[in-house]
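Notes to accompany the following structure.
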Amino acid sequence: MKHDVEYKKRELLIEEAKKEFLEKGYNKASLRNICTKAGVTTGALYFFFRNKEELFAEIVDGPLKGLKKLLIEHFQEDTRVMSGVASLGEIKLDHSDESDMFIEYIYTYRDSFILLLGSAENTVYENCVDEFVEMLEKAVPMMMSVMKGYTMDAYMSHWMAHLTVDAFINIIKHIEDQDEAKRRMRPILNYLVKGWIELVMVEK
């Protein structure tokens, strides 16, 4: 019984913290307000979380790590597939299934990602967008490298990585409905995949 009560308090704090962070951002969010709305004392909050950053991390850290894991697994699978491809013409251009997979995951935790995109200043997560750009910037040329005779310009890889990440960010921020987000993102990602392929150079 006591365990259930403590669990409920913790979940209430997390839910109210999410609302507070979404409304005011990390810097202006008030722990006092969070506790008041959750109906608990500040002492109760500090029983569960050491500080505001740890409370913020509880909301965003798991979803962020999960998305990175999903991306890494996707890159590994694409690299495996491309190792058996002899030419650019054999590369699969339709990434609709992959687009849906990423949107489904992101929208399961959309509030957490909205926080990461707009309220993470002065936290350890403030550079998370740059981290995703770097992941993509390194992964695509690496995937291409398994195909002998092909390479990609580093500057163009960086530029395309930004475009790809920014496309997802725009969808996440401005479209609330997951099905509409899927419908919009599929052609965008397929367009970007074709763009990546167009920038691949034949080694001389």
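Order determines the names: the first chain of the structure tokens is A, the second B, and so forth; residues in each chain are numbered 1 upward, and ligands are numbered 1 upward as they are shown.
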Pick out the residues sitting within 12 Å of segment 101-114 of chain A, and hand them over as a VMD selection string; count only C-alpha atoms, and ignore anything fewer than 6 positions along from it in its own chain. chain A and resid 14 to 15 17 to 23 25 to 26 56 to 71 73 to 74 95 120 125 to 126 128 to 129 165 167 to 186 189
From the DSSP assignment of the backbone, select every residue of segment 14-201 of chain A that is helix (DSSP H, G or I), and format the answer as a VMD selection string. chain A and resid 14 to 28 31 to 38 42 to 48 52 to 82 88 to 90 96 to 108 110 to 118 128 to 145 154 to 174 178 to 198
I'd like the contact shell of Glu137 of chain A - 7 Å cut-off, only C-alpha atoms, skipping same-chain residues fewer than 4 positions apart - returned as a PyMOL selection string. chain A and resi 133+157-158+161
Restricting the output to C-alpha atoms, write the selected residues as a PDB file, in the first residue's frame.
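File selection.pdb, as written:
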```
ATOM      1  CA  VAL A 133      23.041  15.783 -36.929  1.00  0.00           C
ATOM      2  CA  SER A 157      27.058  15.208 -45.834  1.00  0.00           C
ATOM      3  CA  HIS A 158      26.884  17.765 -43.018  1.00  0.00           C
ATOM      4  CA  ALA A 161      22.254  15.764 -42.188  1.00  0.00           C
TER       5      ALA A 161
END
```
Once DSSP has gone over the backbone, tell me which residues of chain A are in strand (DSSP E), as a PyMOL selection string. chain A and resi 150-152+200-202
Can you tell me how far atom CA of Gln76 of chain A sits from atom CA of Leu115 of chain A, in Å to one decimal? 28.3 Å
